[in-house]
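Below is one structure, written out as structure tokens; the observations come after it.
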Amino acid sequence: MARLKSSQKPLKKISAKQVKVFKIRNRRAYAAICMDNLCEGTTASQAIRRLYHPLRRMGYELVI
């Protein structure tokens, strides 16, 4: 778990099972969606890794 400042709450954990990954039609890319956040990447694993920051802003931690 990340270090907490005095004003921060602990992050809630989200498993990779809650992330939906799909190939974008007519493109050479993949997209990952979790909790109304969409991230794109050239590979499926890169798309999942890019979800880390949006989820963190919402108070969640992606556990892979």
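Ordering of the structure tokens sets the chain letters (A, B, ...), residue numbers begin anew at 1 in every chain, and ligands are numbered from 1 in the order given.
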
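Near Ile14 of chain A, within a cut-off of 7 Å and counting only C-alpha atoms, sit the residues Tyr60, Glu61, Leu62 and Val63 of chain A, with same-chain residues fewer than 5 positions away left out.
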
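For the residues A:Leu38, A:Ala29, A:Ile64, A:Leu11, ranking by smallest atom-to-atom distance to Arg50 of chain A using only C-alpha atoms places A:Leu38 first.
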
Item to check | atom CA of Asn26 of chain A to atom CA of Ile48 of chain A, straight-line distance in Å | outcome: 20.0 Å

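Using only C-alpha atoms, the nearest neighbour of Ile24 of chain A within the list A:Gly59, A:Pro54, A:Lys9, A:Cys39 is A:Cys39.
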
Next on the checklist: Report as a ChimeraX atom specification all protein, DNA and RNA residues lying within 12 Å of Asp36 of chain A, evaluated on only C-alpha atoms, omitting residues in the same chain fewer than 4 positions from it.
Outcome noted: /A:18-20,32,51,54-55,58

Export of the given selection (C-alpha atoms) as a short mmCIF file (atom, residue, chain, number, x, y, z; two decimals), in the first residue's frame:
data_model
loop_
_atom_site.label_atom_id
_atom_site.label_comp_id
_atom_site.auth_asym_id
_atom_site.auth_seq_id
_atom_site.Cartn_x
_atom_site.Cartn_y
_atom_site.Cartn_z
CA GLN A 18 -13.19 -5.99 -12.68
CA VAL A 19 -11.34 -4.54 -15.68
CA LYS A 20 -12.80 -5.19 -19.13
CA ALA A 32 -9.42 -1.14 -20.78
CA LEU A 51 -5.71 2.61 -15.49
CA PRO A 54 -7.37 7.41 -12.88
CA LEU A 55 -8.40 4.77 -10.36
CA MET A 58 -10.93 8.00 -7.32
#

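Taking chain A and asking which residues DSSP calls strand (DSSP E) on the backbone, you get A:Lys12, A:Lys13, A:Ile14, A:Ser15, A:Lys20, A:Val21, A:Phe22, A:Lys23, A:Tyr30, A:Ala31, A:Ala32, A:Ile33, A:Cys34, A:Asn37, A:Leu38, A:Cys39, A:Glu40, A:Gly41, A:Tyr60, A:Glu61, A:Leu62, A:Val63.
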
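Pairwise distance (atom CA of Gln8 of chain A, atom CA of Ala47 of chain A) equals 26.7 Å.
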
Next on the checklist: Among chain A, which residues does DSSP mark as helix (DSSP H, G or I) when it is run on the backbone? Keep the chain and numbering as in the structure and answer as an NGL selection string.
Outcome noted: :A and (16-18 or 44-49 or 52-57)

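As for atom CA of Lys23 of chain A and atom CA of Arg49 of chain A, they are spaced 15.6 Å apart.
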
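Neighbours of Tyr30 of chain A closer than or equal to 7 Å, with only C-alpha atoms counted and sequence neighbours fewer than 5 positions away skipped, come out as A:Val21, A:Phe22, A:Lys23, A:Ile24, A:Glu40, A:Gly41, A:Thr42, A:Thr43, A:Ala44, A:Ala47.
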
With all heavy atoms retained, export the selected residues as a short mmCIF file (atom, residue, chain, number, x, y, z; two decimals), in the first residue's frame.
data_model
loop_
_atom_site.label_atom_id
_atom_site.label_comp_id
_atom_site.auth_asym_id
_atom_site.auth_seq_id
_atom_site.Cartn_x
_atom_site.Cartn_y
_atom_site.Cartn_z
N VAL A 21 -11.18 -5.62 -20.88
CA VAL A 21 -10.20 -5.27 -21.92
C VAL A 21 -10.72 -5.79 -23.25
O VAL A 21 -11.21 -6.91 -23.34
CB VAL A 21 -8.83 -5.91 -21.62
CG1 VAL A 21 -7.83 -5.55 -22.71
CG2 VAL A 21 -8.31 -5.45 -20.27
N PHE A 22 -10.62 -4.96 -24.28
CA PHE A 22 -11.07 -5.38 -25.61
C PHE A 22 -10.21 -4.74 -26.68
O PHE A 22 -9.55 -3.73 -26.45
CB PHE A 22 -12.55 -5.03 -25.83
CG PHE A 22 -12.86 -3.57 -25.70
CD1 PHE A 22 -12.87 -2.74 -26.80
CD2 PHE A 22 -13.16 -3.02 -24.46
CE1 PHE A 22 -13.16 -1.40 -26.70
CE2 PHE A 22 -13.46 -1.67 -24.34
CZ PHE A 22 -13.46 -0.86 -25.45
N LYS A 23 -10.20 -5.37 -27.86
CA LYS A 23 -9.47 -4.86 -29.02
C LYS A 23 -10.32 -3.80 -29.69
O LYS A 23 -11.51 -4.02 -29.92
CB LYS A 23 -9.21 -6.02 -29.98
CG LYS A 23 -8.55 -5.62 -31.28
CD LYS A 23 -7.07 -5.77 -31.19
CE LYS A 23 -6.40 -5.68 -32.54
NZ LYS A 23 -6.31 -4.36 -33.07
N ILE A 24 -9.74 -2.66 -29.99
CA ILE A 24 -10.47 -1.59 -30.65
C ILE A 24 -10.56 -1.91 -32.14
O ILE A 24 -9.55 -2.19 -32.79
CB ILE A 24 -9.77 -0.23 -30.44
CG1 ILE A 24 -9.68 0.08 -28.95
CG2 ILE A 24 -10.51 0.87 -31.17
CD1 ILE A 24 -8.88 1.32 -28.63
N GLU A 40 -6.32 3.49 -23.16
CA GLU A 40 -5.89 2.78 -24.35
C GLU A 40 -4.41 2.46 -24.28
O GLU A 40 -3.65 3.18 -23.63
CB GLU A 40 -6.15 3.61 -25.61
CG GLU A 40 -7.59 3.92 -25.87
CD GLU A 40 -7.78 4.76 -27.11
OE1 GLU A 40 -6.81 4.94 -27.87
OE2 GLU A 40 -8.89 5.24 -27.31
N GLY A 41 -4.01 1.39 -24.95
CA GLY A 41 -2.61 1.02 -25.03
C GLY A 41 -2.37 0.13 -26.23
O GLY A 41 -3.31 -0.43 -26.80
N THR A 42 -1.12 -0.01 -26.62
CA THR A 42 -0.80 -0.83 -27.79
C THR A 42 -0.96 -2.32 -27.47
O THR A 42 -1.18 -3.11 -28.37
CB THR A 42 0.62 -0.55 -28.29
OG1 THR A 42 1.53 -0.72 -27.21
CG2 THR A 42 0.73 0.84 -28.86
N THR A 43 -0.85 -2.70 -26.21
CA THR A 43 -1.10 -4.08 -25.79
C THR A 43 -2.16 -4.06 -24.69
O THR A 43 -2.42 -3.03 -24.08
CB THR A 43 0.18 -4.74 -25.24
OG1 THR A 43 0.59 -4.05 -24.08
CG2 THR A 43 1.29 -4.74 -26.28
N ALA A 44 -2.73 -5.22 -24.43
CA ALA A 44 -3.76 -5.32 -23.39
C ALA A 44 -3.18 -5.00 -22.01
O ALA A 44 -3.79 -4.30 -21.21
CB ALA A 44 -4.38 -6.70 -23.40
N ALA A 47 -2.71 -1.24 -21.54
CA ALA A 47 -3.98 -0.56 -21.29
C ALA A 47 -4.40 -0.71 -19.83
O ALA A 47 -4.88 0.25 -19.21
CB ALA A 47 -5.05 -1.11 -22.22
#
